[in-house]
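Source file: input04.pdb. Holds: PDB, C-alpha atoms.
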ATOM      1  CA  MET A1107       0.000   0.000   0.000
ATOM      2  CA  ARG A1108       1.588   3.216  -1.204
ATOM      3  CA  ALA A1109       0.842   6.857  -0.517
ATOM      4  CA  ARG A1110      -0.734   7.203  -3.973
ATOM      5  CA  ASP A1111      -3.306   4.523  -3.012
ATOM      6  CA  LEU A1112      -4.070   6.258   0.278
ATOM      7  CA  ALA A1113      -4.384   9.800  -1.078
ATOM      8  CA  GLU A1114      -7.880  11.247  -1.101
ATOM      9  CA  PRO A1115      -9.077  14.353  -2.928
ATOM     10  CA  PHE A1116      -9.047  17.394  -0.676
ATOM     11  CA  PRO A1117     -10.112  20.955  -1.389
ATOM     12  CA  THR A1118      -7.254  23.380  -1.935
ATOM     13  CA  VAL A1119      -6.997  27.138  -2.178
ATOM     14  CA  SER A1120      -4.140  29.209  -3.497
ATOM     15  CA  LEU A1121      -2.363  32.018  -1.687
ATOM     16  CA  ASP A1122      -4.162  34.682  -3.713
ATOM     17  CA  ASP A1123      -7.668  33.254  -3.326
ATOM     18  CA  GLN A1124     -10.182  35.141  -1.242
ATOM     19  CA  ALA A1125     -10.269  34.140   2.423
ATOM     20  CA  LEU A1126     -14.078  34.212   2.261
ATOM     21  CA  ASP A1127     -13.997  31.512  -0.434
ATOM     22  CA  ALA A1128     -11.657  29.425   1.733
ATOM     23  CA  ALA A1129     -14.093  29.837   4.653
ATOM     24  CA  ARG A1130     -17.009  28.740   2.436
ATOM     25  CA  LEU A1131     -15.110  25.634   1.311
ATOM     26  CA  LEU A1132     -14.267  24.732   4.911
ATOM     27  CA  ALA A1133     -17.846  25.295   5.987
ATOM     28  CA  GLU A1134     -19.346  23.370   3.089
ATOM     29  CA  HIS A1135     -17.110  20.322   3.515
ATOM     30  CA  ARG A1136     -17.019  20.609   7.341
ATOM     31  CA  LEU A1137     -13.236  20.439   7.291
ATOM     32  CA  PRO A1138     -10.953  21.340  10.192
ATOM     33  CA  GLY A1139      -8.520  22.941   7.755
ATOM     34  CA  ILE A1140      -7.776  23.509   4.108
ATOM     35  CA  LEU A1141      -4.617  22.914   2.117
ATOM     36  CA  VAL A1142      -3.030  26.055   0.690
ATOM     37  CA  VAL A1143      -1.024  25.563  -2.497
ATOM     38  CA  ASP A1144       1.347  27.766  -4.455
ATOM     39  CA  GLY A1145       1.037  26.717  -8.072
ATOM     40  CA  PRO A1146      -0.379  23.355  -9.101
ATOM     41  CA  ALA A1147       1.607  21.039  -6.820
ATOM     42  CA  THR A1148       3.385  22.892  -4.052
ATOM     43  CA  PRO A1149       1.573  22.647  -0.696
ATOM     44  CA  VAL A1150       2.676  25.626   1.367
ATOM     45  CA  ALA A1151       0.429  25.565   4.437
ATOM     46  CA  ILE A1152      -2.660  24.275   6.149
ATOM     47  CA  LEU A1153      -5.111  27.036   6.990
ATOM     48  CA  PRO A1154      -7.127  25.890  10.034
ATOM     49  CA  ALA A1155     -10.835  26.734  10.240
ATOM     50  CA  SER A1156     -10.145  28.059  13.749
ATOM     51  CA  GLN A1157      -7.773  30.667  12.283
ATOM     52  CA  LEU A1158     -10.586  31.990  10.075
ATOM     53  CA  VAL A1159     -12.922  32.107  13.077
ATOM     54  CA  ARG A1160     -10.191  34.069  14.845
ATOM     55  CA  LEU A1161     -10.080  36.604  12.006
ATOM     56  CA  LEU A1162     -13.856  37.066  12.194
ATOM     57  CA  VAL A1163     -13.770  38.091  15.826
ATOM     58  CA  PRO A1164     -12.787  41.710  16.494
ATOM     59  CA  GLY A1165      -9.605  41.944  18.562
ATOM     60  CA  TYR A1166     -11.260  43.840  21.433
ATOM     61  CA  ILE A1167     -13.619  40.902  21.971
ATOM     62  CA  ILE A1168     -10.769  38.377  22.084
ATOM     63  CA  GLU A1169      -9.095  40.587  24.693
ATOM     64  CA  ASP A1170     -12.273  41.072  26.764
ATOM     65  CA  PRO A1171     -14.636  38.094  26.494
ATOM     66  CA  SER A1172     -17.362  39.866  28.483
ATOM     67  CA  LEU A1173     -17.878  42.140  25.457
ATOM     68  CA  ALA A1174     -18.790  39.121  23.292
ATOM     69  CA  ALA A1175     -22.011  38.631  25.223
ATOM     70  CA  VAL A1176     -23.281  42.078  24.286
ATOM     71  CA  ILE A1177     -22.758  41.730  20.511
ATOM     72  CA  ASP A1178     -26.245  41.252  19.145
ATOM     73  CA  GLU A1179     -27.409  38.790  16.516
ATOM     74  CA  ALA A1180     -27.598  41.427  13.782
ATOM     75  CA  HIS A1181     -23.944  42.283  14.294
ATOM     76  CA  ALA A1182     -22.984  38.603  14.418
ATOM     77  CA  ASP A1183     -24.355  38.253  10.898
ATOM     78  CA  ARG A1184     -21.950  40.952   9.747
ATOM     79  CA  LEU A1185     -18.838  39.383  11.271
ATOM     80  CA  CYS A1186     -18.059  37.824   7.906
ATOM     81  CA  ASP A1187     -17.572  41.292   6.452
ATOM     82  CA  GLU A1188     -14.225  41.148   8.245
ATOM     83  CA  LEU A1189     -13.007  38.692   5.622
ATOM     84  CA  THR A1190     -14.136  40.644   2.562
ATOM     85  CA  GLY A1191     -11.200  41.490   0.327
ATOM     86  CA  VAL A1192      -8.733  39.564   2.480
ATOM     87  CA  ARG A1193      -6.555  37.056   0.653
ATOM     88  CA  VAL A1194      -5.555  33.639   1.954
ATOM     89  CA  ARG A1195      -1.874  34.654   2.202
ATOM     90  CA  GLU A1196      -2.847  37.389   4.677
ATOM     91  CA  CYS A1197      -4.655  34.878   6.911
ATOM     92  CA  LEU A1198      -1.775  32.528   7.524
ATOM     93  CA  PRO A1199      -0.176  32.907  10.932
ATOM     94  CA  LYS A1200       3.478  33.969  10.669
ATOM     95  CA  ASP A1201       4.669  30.740  12.252
ATOM     96  CA  THR A1202       2.613  28.423  10.007
ATOM     97  CA  PRO A1203       4.736  25.335   9.395
ATOM     98  CA  ALA A1204       4.985  23.938   5.867
ATOM     99  CA  PRO A1205       2.693  20.910   5.564
ATOM    100  CA  ALA A1206       4.173  17.451   5.612
ATOM    101  CA  VAL A1207       4.575  16.088   2.081
ATOM    102  CA  ALA A1208       4.914  12.425   1.152
ATOM    103  CA  ASP A1209       6.074  11.050  -2.152
ATOM    104  CA  ALA A1210       3.530   8.968  -4.045
ATOM    105  CA  ASP A1211       5.781   5.911  -3.680
ATOM    106  CA  ASP A1212       6.087   6.129   0.118
ATOM    107  CA  THR A1213       4.679   3.177   2.052
ATOM    108  CA  ALA A1214       1.878   3.484   4.635
ATOM    109  CA  VAL A1215       4.489   3.078   7.378
ATOM    110  CA  GLU A1216       6.610   5.874   5.922
ATOM    111  CA  VAL A1217       3.536   8.107   5.856
ATOM    112  CA  ALA A1218       2.714   7.151   9.452
ATOM    113  CA  ALA A1219       6.302   7.905  10.515
ATOM    114  CA  LEU A1220       6.186  11.278   8.738
ATOM    115  CA  MET A1221       2.884  12.103  10.440
ATOM    116  CA  ALA A1222       4.230  11.006  13.815
ATOM    117  CA  ARG A1223       7.412  13.044  13.410
ATOM    118  CA  THR A1224       5.654  16.220  12.262
ATOM    119  CA  ARG A1225       2.595  15.714  14.546
ATOM    120  CA  SER A1226       0.619  16.746  11.512
ATOM    121  CA  PRO A1227      -3.085  15.862  11.134
ATOM    122  CA  LEU A1228      -2.612  15.379   7.401
ATOM    123  CA  VAL A1229       0.065  14.710   4.835
ATOM    124  CA  ALA A1230      -0.039  15.953   1.243
ATOM    125  CA  VAL A1231       0.899  13.412  -1.427
ATOM    126  CA  VAL A1232       2.861  14.585  -4.443
ATOM    127  CA  GLU A1233       3.878  12.553  -7.475
ATOM    128  CA  ARG A1234       7.257  13.876  -8.519
ATOM    129  CA  PRO A1235       9.318  13.182 -11.603
ATOM    130  CA  ALA A1236      12.023  10.663 -10.638
ATOM    131  CA  ASP A1237      14.801  13.228 -11.046
ATOM    132  CA  ARG A1238      13.153  15.714  -8.701
ATOM    133  CA  ARG A1239      12.551  13.776  -5.491
ATOM    134  CA  GLY A1240      12.468  16.185  -2.616
ATOM    135  CA  GLY A1241      12.229  19.207  -4.888
ATOM    136  CA  SER A1242       9.277  21.220  -6.105
ATOM    137  CA  GLY A1243       7.050  20.504  -9.079
ATOM    138  CA  GLY A1244       5.087  17.360  -9.860
ATOM    139  CA  GLU A1245       1.422  16.628  -9.325
ATOM    140  CA  LEU A1246      -0.583  16.936  -6.099
ATOM    141  CA  LEU A1247      -2.521  13.671  -5.778
ATOM    142  CA  GLY A1248      -4.441  14.557  -2.616
ATOM    143  CA  VAL A1249      -3.959  14.207   1.109
ATOM    144  CA  ILE A1250      -3.877  11.466   3.711
ATOM    145  CA  THR A1251      -5.539  12.423   6.974
ATOM    146  CA  ALA A1252      -4.577  10.799  10.263
ATOM    147  CA  SER A1253      -8.047   9.270  10.560
ATOM    148  CA  ASN A1254      -7.883   7.824   7.044
ATOM    149  CA  LEU A1255      -4.484   6.336   7.813
ATOM    150  CA  LEU A1256      -5.865   4.826  11.044
ATOM    151  CA  HIS A1257      -8.749   3.418   8.990
ATOM    152  CA  ARG A1258      -6.328   1.689   6.617
ATOM    153  CA  LEU A1259      -3.980   0.467   9.345
ATOM    154  CA  LEU A1260      -6.916  -0.843  11.415
ATOM    155  CA  GLY A1261      -8.423  -2.523   8.363
ATOM    156  CA  ASN A1262      -7.396  -5.986   9.474
ATOM    157  CA  ALA A1263      -7.421  -5.386  13.216
TER
ATOM    158  CA  MET B 420     -28.336  31.652  18.223
ATOM    159  CA  ARG B 421     -26.990  30.000  21.357
ATOM    160  CA  ALA B 422     -24.332  27.346  21.904
ATOM    161  CA  ARG B 423     -27.051  24.761  22.606
ATOM    162  CA  ASP B 424     -28.448  25.337  19.085
ATOM    163  CA  LEU B 425     -25.008  25.008  17.525
ATOM    164  CA  ALA B 426     -23.898  21.888  19.385
ATOM    165  CA  GLU B 427     -23.648  18.719  17.328
ATOM    166  CA  PRO B 428     -23.321  15.161  18.592
ATOM    167  CA  PHE B 429     -19.700  14.051  18.674
ATOM    168  CA  PRO B 430     -18.210  10.711  19.666
ATOM    169  CA  THR B 431     -16.602  10.639  23.077
ATOM    170  CA  VAL B 432     -14.399   8.187  24.905
ATOM    171  CA  SER B 433     -13.606   8.032  28.576
ATOM    172  CA  LEU B 434     -10.146   7.965  30.137
ATOM    173  CA  ASP B 435     -10.369   4.250  30.849
ATOM    174  CA  ASP B 436     -11.613   3.185  27.416
ATOM    175  CA  GLN B 437      -9.308   1.180  25.186
ATOM    176  CA  ALA B 438      -7.143   3.271  22.863
ATOM    177  CA  LEU B 439      -7.931   0.803  20.077
ATOM    178  CA  ASP B 440     -11.650   1.577  20.426
ATOM    179  CA  ALA B 441     -10.864   5.306  20.263
ATOM    180  CA  ALA B 442      -8.839   4.665  17.099
ATOM    181  CA  ARG B 443     -11.735   2.715  15.568
ATOM    182  CA  LEU B 444     -14.189   5.534  16.348
ATOM    183  CA  LEU B 445     -11.854   8.105  14.791
ATOM    184  CA  ALA B 446     -11.343   5.927  11.737
ATOM    185  CA  GLU B 447     -15.026   5.144  11.312
ATOM    186  CA  HIS B 448     -16.189   8.755  11.579
ATOM    187  CA  ARG B 449     -13.102  10.142   9.817
ATOM    188  CA  LEU B 450     -12.550  12.599  12.641
ATOM    189  CA  PRO B 451      -9.346  14.551  13.255
ATOM    190  CA  GLY B 452      -9.750  14.038  16.988
ATOM    191  CA  ILE B 453     -12.032  12.658  19.646
ATOM    192  CA  LEU B 454     -13.334  14.214  22.832
ATOM    193  CA  VAL B 455     -12.173  12.527  26.026
ATOM    194  CA  VAL B 456     -14.539  12.813  28.979
ATOM    195  CA  ASP B 457     -14.223  12.021  32.658
ATOM    196  CA  GLY B 458     -17.669  11.089  33.867
ATOM    197  CA  PRO B 459     -20.818  12.060  31.957
ATOM    198  CA  ALA B 460     -20.175  15.761  31.379
ATOM    199  CA  THR B 461     -16.591  16.727  32.061
ATOM    200  CA  PRO B 462     -14.529  17.093  28.880
ATOM    201  CA  VAL B 463     -10.875  16.628  29.845
ATOM    202  CA  ALA B 464      -8.990  16.501  26.544
ATOM    203  CA  ILE B 465      -9.063  16.132  22.810
ATOM    204  CA  LEU B 466      -7.163  13.090  21.610
ATOM    205  CA  PRO B 467      -5.922  13.826  18.061
ATOM    206  CA  ALA B 468      -5.921  11.029  15.478
ATOM    207  CA  SER B 469      -2.314  11.965  14.736
ATOM    208  CA  GLN B 470      -1.370  11.092  18.330
ATOM    209  CA  LEU B 471      -2.739   7.573  17.858
ATOM    210  CA  VAL B 472      -0.821   7.246  14.589
ATOM    211  CA  ARG B 473       2.241   8.325  16.559
ATOM    212  CA  LEU B 474       1.691   5.556  19.088
ATOM    213  CA  LEU B 475       1.434   2.967  16.310
ATOM    214  CA  VAL B 476       4.841   3.779  14.916
ATOM    215  CA  PRO B 477       7.780   2.229  16.771
ATOM    216  CA  GLY B 478      10.099   4.873  18.222
ATOM    217  CA  TYR B 479      13.142   3.714  16.263
ATOM    218  CA  ILE B 480      11.277   4.443  13.025
ATOM    219  CA  ILE B 481      10.312   7.944  14.113
ATOM    220  CA  GLU B 482      13.980   8.548  14.934
ATOM    221  CA  ASP B 483      15.266   7.105  11.676
ATOM    222  CA  PRO B 484      12.767   7.515   8.819
ATOM    223  CA  SER B 485      14.876   5.443   6.434
ATOM    224  CA  LEU B 486      13.898   2.382   8.494
ATOM    225  CA  ALA B 487      10.218   2.962   7.701
ATOM    226  CA  ALA B 488      10.769   2.071   4.064
ATOM    227  CA  VAL B 489      11.951  -1.423   4.950
ATOM    228  CA  ILE B 490       8.964  -2.384   7.124
ATOM    229  CA  ASP B 491       6.987  -4.748   4.975
ATOM    230  CA  GLU B 492       3.241  -4.880   4.427
ATOM    231  CA  ALA B 493       2.765  -7.861   6.752
ATOM    232  CA  HIS B 494       4.388  -5.979   9.599
ATOM    233  CA  ALA B 495       2.368  -2.845   8.823
ATOM    234  CA  ASP B 496      -0.788  -4.847   9.437
ATOM    235  CA  ARG B 497       0.493  -5.642  12.916
ATOM    236  CA  LEU B 498       1.243  -2.050  13.902
ATOM    237  CA  CYS B 499      -2.145  -1.862  15.591
ATOM    238  CA  ASP B 500      -0.994  -4.469  18.076
ATOM    239  CA  GLU B 501       0.907  -1.582  19.657
ATOM    240  CA  LEU B 502      -2.409  -0.215  20.943
ATOM    241  CA  THR B 503      -3.721  -3.449  22.418
ATOM    242  CA  GLY B 504      -4.356  -3.107  26.134
ATOM    243  CA  VAL B 505      -3.457   0.592  26.156
ATOM    244  CA  ARG B 506      -6.006   2.919  27.745
ATOM    245  CA  VAL B 507      -6.952   6.357  26.493
ATOM    246  CA  ARG B 508      -5.447   8.054  29.575
ATOM    247  CA  GLU B 509      -2.047   6.607  28.649
ATOM    248  CA  CYS B 510      -2.254   8.068  25.134
ATOM    249  CA  LEU B 511      -2.721  11.686  26.067
ATOM    250  CA  PRO B 512       0.412  13.779  25.701
ATOM    251  CA  LYS B 513       1.549  15.236  29.033
ATOM    252  CA  ASP B 514       0.984  18.801  27.819
ATOM    253  CA  THR B 515      -2.556  18.170  26.506
ATOM    254  CA  PRO B 516      -4.566  21.327  27.197
ATOM    255  CA  ALA B 517      -8.070  21.000  28.624
ATOM    256  CA  PRO B 518     -10.618  21.477  25.844
ATOM    257  CA  ALA B 519     -12.469  24.756  25.537
ATOM    258  CA  VAL B 520     -15.929  24.490  27.122
ATOM    259  CA  ALA B 521     -18.855  26.794  26.388
ATOM    260  CA  ASP B 522     -22.018  27.123  28.414
ATOM    261  CA  ALA B 523     -25.220  26.189  26.601
ATOM    262  CA  ASP B 524     -26.443  29.799  26.894
ATOM    263  CA  ASP B 525     -23.360  31.364  25.287
ATOM    264  CA  THR B 526     -23.983  33.241  22.038
ATOM    265  CA  ALA B 527     -22.337  32.326  18.728
ATOM    266  CA  VAL B 528     -20.024  35.327  19.136
ATOM    267  CA  GLU B 529     -18.995  34.178  22.617
ATOM    268  CA  VAL B 530     -18.226  30.739  21.205
ATOM    269  CA  ALA B 531     -16.228  32.314  18.356
ATOM    270  CA  ALA B 532     -14.298  34.463  20.847
ATOM    271  CA  LEU B 533     -13.571  31.417  23.007
ATOM    272  CA  MET B 534     -12.363  29.478  19.962
ATOM    273  CA  ALA B 535     -10.232  32.412  18.826
ATOM    274  CA  ARG B 536      -8.685  32.849  22.257
ATOM    275  CA  THR B 537      -7.920  29.166  22.780
ATOM    276  CA  ARG B 538      -7.045  28.521  19.087
ATOM    277  CA  SER B 539      -9.071  25.369  19.547
ATOM    278  CA  PRO B 540     -10.595  23.519  16.573
ATOM    279  CA  LEU B 541     -13.639  22.649  18.642
ATOM    280  CA  VAL B 542     -15.515  23.722  21.727
ATOM    281  CA  ALA B 543     -17.493  21.380  23.970
ATOM    282  CA  VAL B 544     -20.942  22.611  25.034
ATOM    283  CA  VAL B 545     -22.146  21.834  28.541
ATOM    284  CA  GLU B 546     -25.543  22.629  30.034
ATOM    285  CA  ARG B 547     -24.918  23.453  33.666
ATOM    286  CA  PRO B 548     -27.330  24.004  36.516
ATOM    287  CA  ALA B 549     -27.666  27.769  37.033
ATOM    288  CA  ASP B 550     -25.854  27.641  40.371
ATOM    289  CA  ARG B 551     -22.835  25.859  38.951
ATOM    290  CA  ARG B 552     -21.690  28.053  36.050
ATOM    291  CA  GLY B 553     -18.011  27.536  35.464
ATOM    292  CA  GLY B 554     -17.950  24.481  37.695
ATOM    293  CA  SER B 555     -18.110  20.808  36.890
ATOM    294  CA  GLY B 556     -21.197  18.674  36.438
ATOM    295  CA  GLY B 557     -24.120  19.214  34.109
ATOM    296  CA  GLU B 558     -24.866  17.626  30.747
ATOM    297  CA  LEU B 559     -22.580  17.455  27.709
ATOM    298  CA  LEU B 560     -24.726  18.584  24.756
ATOM    299  CA  GLY B 561     -22.123  18.051  22.042
ATOM    300  CA  VAL B 562     -19.410  20.067  20.363
ATOM    301  CA  ILE B 563     -19.124  22.994  18.003
ATOM    302  CA  THR B 564     -16.351  22.625  15.446
ATOM    303  CA  ALA B 565     -14.682  25.631  13.843
ATOM    304  CA  SER B 566     -16.050  24.635  10.444
ATOM    305  CA  ASN B 567     -19.598  24.311  11.796
ATOM    306  CA  LEU B 568     -19.306  27.726  13.391
ATOM    307  CA  LEU B 569     -18.053  29.173  10.091
ATOM    308  CA  HIS B 570     -21.018  27.520   8.391
ATOM    309  CA  ARG B 571     -23.441  29.217  10.750
ATOM    310  CA  LEU B 572     -21.704  32.601  10.655
ATOM    311  CA  LEU B 573     -21.478  32.501   6.849
ATOM    312  CA  GLY B 574     -25.112  31.479   6.567
ATOM    313  CA  ASN B 575     -26.298  34.887   5.459
ATOM    314  CA  ALA B 576     -23.121  36.078   3.780
TER
END

Kindly return the structure encoded in the file as structure tokens.
Amino acid sequence: MRARDLAEPFPTVSLDDQALDAARLLAEHRLPGILVVDGPATPVAILPASQLVRLLVPGYIIEDPSLAAVIDEAHADRLCDELTGVRVRECLPKDTPAPAVADADDTAVEVAALMARTRSPLVAVVERPADRRGGSGGELLGVITASNLLHRLLGNA
Amino acid sequence: MRARDLAEPFPTVSLDDQALDAARLLAEHRLPGILVVDGPATPVAILPASQLVRLLVPGYIIEDPSLAAVIDEAHADRLCDELTGVRVRECLPKDTPAPAVADADDTAVEVAALMARTRSPLVAVVERPADRRGGSGGELLGVITASNLLHRLLGNA
């Protein structure tokens, strides 16, 4: 069982996409995060849904939670205005780590080891030309989430 | 819109449940993590699927990734043996933060502020007797994930 057999399609956004579109994708697919790519096959980050929630909430409310209780429903509906015109690249926290990337030929155990080492909830799978292992370029096949990997490893348990 | 209206059912495990059962629940529901409770209504941790993957992988492979490539398929199928007899409480990393907990009466904005402040991907919702706000006890109504909250906040956008 190789990474290419484990990879599942996963929504992606690019750095210059609108943050509001990323939020809609996350909401629609009920995903904890979305893969951000730069070009067709270079995963650069995972944008967590919680980071977008964070951007929706005005800073003074994060600082003083008691103010949150007095924001009325009508204002809550306008929180999403905060994201209008913001691009995905502006939403990424400064310390966002690059996502873990497996080669299509990696075994399930190699993927598990990579996930364990990086403590990452998902690994992107890229098919690279043989002369460019470890470099950029190639084709993004999808992602392997920790729960999908558990599913495969538990298959016979 | 109150936390009780936003809460969705979410699988839970208790501290003394088998880690293998937690792994099966995560795999079955394709969840990035599972809520760990102590008693009927006290959320104590979120156990990430990636942590269980980490426990499946022998330490020497995490240390030396090149060894992962030589583990054969037959051995991969036995990785889950690592979890046999292990309890959930033994799987939680030492530095696991307590999960964010909202009161059933909190507004959507309060939940968003809590999520933003704790950078948590989900918030547990507990209905507490009026005289025990902030204390333990009560009834666990479910959880609100960041993507569900985005879904609700984007509803009219």

Residue hits in chain A, query chain B, radius 6 Å, only C-alpha atoms, as JSON, numbers by chain: {"A": [1132, 1133, 1136, 1137, 1155, 1156, 1160, 1168, 1174, 1175, 1215, 1216, 1219, 1222, 1223, 1227, 1252, 1253, 1256, 1257]}

Could you superpose chain B on chain A by least squares over every Cα, matched in sequence order, and send it back as a short mmCIF file (atom, residue, chain, number, x, y, z; two decimals) with C-alpha atoms, keeping the file's coordinate frame?
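Listing of part_19.cif after writing:
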data_model
loop_
_atom_site.label_atom_id
_atom_site.label_comp_id
_atom_site.auth_asym_id
_atom_site.auth_seq_id
_atom_site.Cartn_x
_atom_site.Cartn_y
_atom_site.Cartn_z
CA MET B 420 -0.03 0.02 0.04
CA ARG B 421 1.58 3.22 -1.20
CA ALA B 422 0.83 6.88 -0.52
CA ARG B 423 -0.75 7.20 -3.98
CA ASP B 424 -3.32 4.54 -3.01
CA LEU B 425 -4.08 6.28 0.27
CA ALA B 426 -4.40 9.81 -1.08
CA GLU B 427 -7.89 11.28 -1.11
CA PRO B 428 -9.09 14.38 -2.93
CA PHE B 429 -9.05 17.41 -0.66
CA PRO B 430 -10.10 20.99 -1.37
CA THR B 431 -7.25 23.40 -1.92
CA VAL B 432 -6.98 27.15 -2.16
CA SER B 433 -4.14 29.22 -3.49
CA LEU B 434 -2.36 32.04 -1.69
CA ASP B 435 -4.17 34.68 -3.71
CA ASP B 436 -7.67 33.25 -3.32
CA GLN B 437 -10.19 35.15 -1.23
CA ALA B 438 -10.26 34.16 2.44
CA LEU B 439 -14.06 34.22 2.28
CA ASP B 440 -14.00 31.52 -0.42
CA ALA B 441 -11.65 29.43 1.75
CA ALA B 442 -14.09 29.86 4.66
CA ARG B 443 -17.00 28.76 2.46
CA LEU B 444 -15.10 25.65 1.32
CA LEU B 445 -14.26 24.75 4.92
CA ALA B 446 -17.84 25.31 6.00
CA GLU B 447 -19.33 23.37 3.10
CA HIS B 448 -17.09 20.33 3.52
CA ARG B 449 -17.00 20.61 7.33
CA LEU B 450 -13.22 20.43 7.29
CA PRO B 451 -10.95 21.36 10.19
CA GLY B 452 -8.51 22.94 7.77
CA ILE B 453 -7.76 23.51 4.12
CA LEU B 454 -4.61 22.93 2.12
CA VAL B 455 -3.02 26.06 0.70
CA VAL B 456 -1.03 25.58 -2.50
CA ASP B 457 1.34 27.78 -4.46
CA GLY B 458 1.04 26.74 -8.07
CA PRO B 459 -0.39 23.37 -9.10
CA ALA B 460 1.59 21.05 -6.83
CA THR B 461 3.37 22.90 -4.07
CA PRO B 462 1.56 22.67 -0.73
CA VAL B 463 2.68 25.64 1.37
CA ALA B 464 0.44 25.58 4.44
CA ILE B 465 -2.65 24.29 6.15
CA LEU B 466 -5.10 27.04 6.99
CA PRO B 467 -7.12 25.90 10.05
CA ALA B 468 -10.82 26.75 10.25
CA SER B 469 -10.14 28.07 13.75
CA GLN B 470 -7.77 30.68 12.28
CA LEU B 471 -10.58 32.01 10.07
CA VAL B 472 -12.91 32.11 13.07
CA ARG B 473 -10.18 34.08 14.82
CA LEU B 474 -10.08 36.61 12.00
CA LEU B 475 -13.85 37.08 12.19
CA VAL B 476 -13.78 38.10 15.82
CA PRO B 477 -12.79 41.71 16.49
CA GLY B 478 -9.61 41.96 18.57
CA TYR B 479 -11.26 43.85 21.42
CA ILE B 480 -13.62 40.90 21.95
CA ILE B 481 -10.79 38.38 22.06
CA GLU B 482 -9.11 40.59 24.67
CA ASP B 483 -12.25 41.06 26.74
CA PRO B 484 -14.63 38.08 26.46
CA SER B 485 -17.35 39.84 28.46
CA LEU B 486 -17.86 42.11 25.44
CA ALA B 487 -18.78 39.11 23.28
CA ALA B 488 -22.00 38.60 25.20
CA VAL B 489 -23.29 42.04 24.25
CA ILE B 490 -22.78 41.70 20.48
CA ASP B 491 -26.25 41.20 19.13
CA GLU B 492 -27.44 38.74 16.51
CA ALA B 493 -27.62 41.38 13.76
CA HIS B 494 -23.98 42.26 14.30
CA ALA B 495 -22.99 38.58 14.41
CA ASP B 496 -24.35 38.21 10.89
CA ARG B 497 -21.96 40.93 9.77
CA LEU B 498 -18.84 39.38 11.27
CA CYS B 499 -18.06 37.82 7.91
CA ASP B 500 -17.58 41.28 6.47
CA GLU B 501 -14.23 41.15 8.26
CA LEU B 502 -13.02 38.68 5.63
CA THR B 503 -14.15 40.63 2.58
CA GLY B 504 -11.23 41.49 0.34
CA VAL B 505 -8.74 39.57 2.49
CA ARG B 506 -6.55 37.06 0.67
CA VAL B 507 -5.54 33.65 1.96
CA ARG B 508 -1.86 34.68 2.21
CA GLU B 509 -2.84 37.40 4.69
CA CYS B 510 -4.64 34.88 6.92
CA LEU B 511 -1.77 32.53 7.53
CA PRO B 512 -0.17 32.93 10.94
CA LYS B 513 3.48 33.99 10.68
CA ASP B 514 4.68 30.75 12.30
CA THR B 515 2.63 28.45 10.02
CA PRO B 516 4.75 25.35 9.40
CA ALA B 517 4.99 23.96 5.88
CA PRO B 518 2.70 20.94 5.55
CA ALA B 519 4.17 17.46 5.61
CA VAL B 520 4.57 16.12 2.06
CA ALA B 521 4.91 12.45 1.14
CA ASP B 522 6.07 11.07 -2.17
CA ALA B 523 3.52 8.98 -4.06
CA ASP B 524 5.76 5.91 -3.69
CA ASP B 525 6.08 6.13 0.10
CA THR B 526 4.67 3.18 2.04
CA ALA B 527 1.88 3.50 4.62
CA VAL B 528 4.49 3.08 7.37
CA GLU B 529 6.61 5.89 5.91
CA VAL B 530 3.54 8.12 5.84
CA ALA B 531 2.72 7.16 9.45
CA ALA B 532 6.30 7.91 10.50
CA LEU B 533 6.19 11.28 8.73
CA MET B 534 2.88 12.12 10.43
CA ALA B 535 4.24 11.02 13.81
CA ARG B 536 7.41 13.06 13.41
CA THR B 537 5.65 16.22 12.25
CA ARG B 538 2.60 15.72 14.54
CA SER B 539 0.62 16.77 11.51
CA PRO B 540 -3.08 15.87 11.13
CA LEU B 541 -2.60 15.39 7.41
CA VAL B 542 0.06 14.73 4.83
CA ALA B 543 -0.05 15.97 1.24
CA VAL B 544 0.89 13.42 -1.43
CA VAL B 545 2.85 14.60 -4.45
CA GLU B 546 3.86 12.55 -7.48
CA ARG B 547 7.25 13.83 -8.53
CA PRO B 548 9.31 13.10 -11.61
CA ALA B 549 11.99 10.56 -10.62
CA ASP B 550 14.78 13.11 -11.00
CA ARG B 551 13.15 15.62 -8.69
CA ARG B 552 12.52 13.70 -5.46
CA GLY B 553 12.43 16.10 -2.57
CA GLY B 554 12.24 19.09 -4.88
CA SER B 555 9.31 21.14 -6.06
CA GLY B 556 7.07 20.47 -9.03
CA GLY B 557 5.09 17.36 -9.85
CA GLU B 558 1.41 16.62 -9.33
CA LEU B 559 -0.59 16.94 -6.11
CA LEU B 560 -2.53 13.67 -5.78
CA GLY B 561 -4.44 14.56 -2.62
CA VAL B 562 -3.97 14.22 1.10
CA ILE B 563 -3.89 11.49 3.70
CA THR B 564 -5.55 12.44 6.97
CA ALA B 565 -4.59 10.82 10.26
CA SER B 566 -8.05 9.28 10.56
CA ASN B 567 -7.88 7.83 7.04
CA LEU B 568 -4.48 6.35 7.81
CA LEU B 569 -5.86 4.83 11.03
CA HIS B 570 -8.73 3.42 8.98
CA ARG B 571 -6.33 1.71 6.61
CA LEU B 572 -3.97 0.48 9.34
CA LEU B 573 -6.89 -0.83 11.42
CA GLY B 574 -8.41 -2.52 8.39
CA ASN B 575 -7.35 -5.99 9.41
CA ALA B 576 -7.30 -5.49 13.17
#

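Across the model, the gap from CA of Val562 in chain B to CA of Val432 in chain B is 13.7 Å.
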
Interatomic distance (Å, one decimal) between CA of Glu1196 in chain A and CA of Ala1151 in chain A: 12.3 Å

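Interatomic distance, CA of Leu560 in chain B against CA of Leu1153 in chain A: 27.8 Å.
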
Using only the atoms of range 1122-1140 of chain A listed in the file, plus 6 Å on each side, state the axis-aligned box centre and edge lengths in Å rounded to one decimal, as JSON.
{"center_x": -11.8, "center_y": 27.7, "center_z": 3.2, "size_x": 27.2, "size_y": 26.8, "size_z": 25.9}
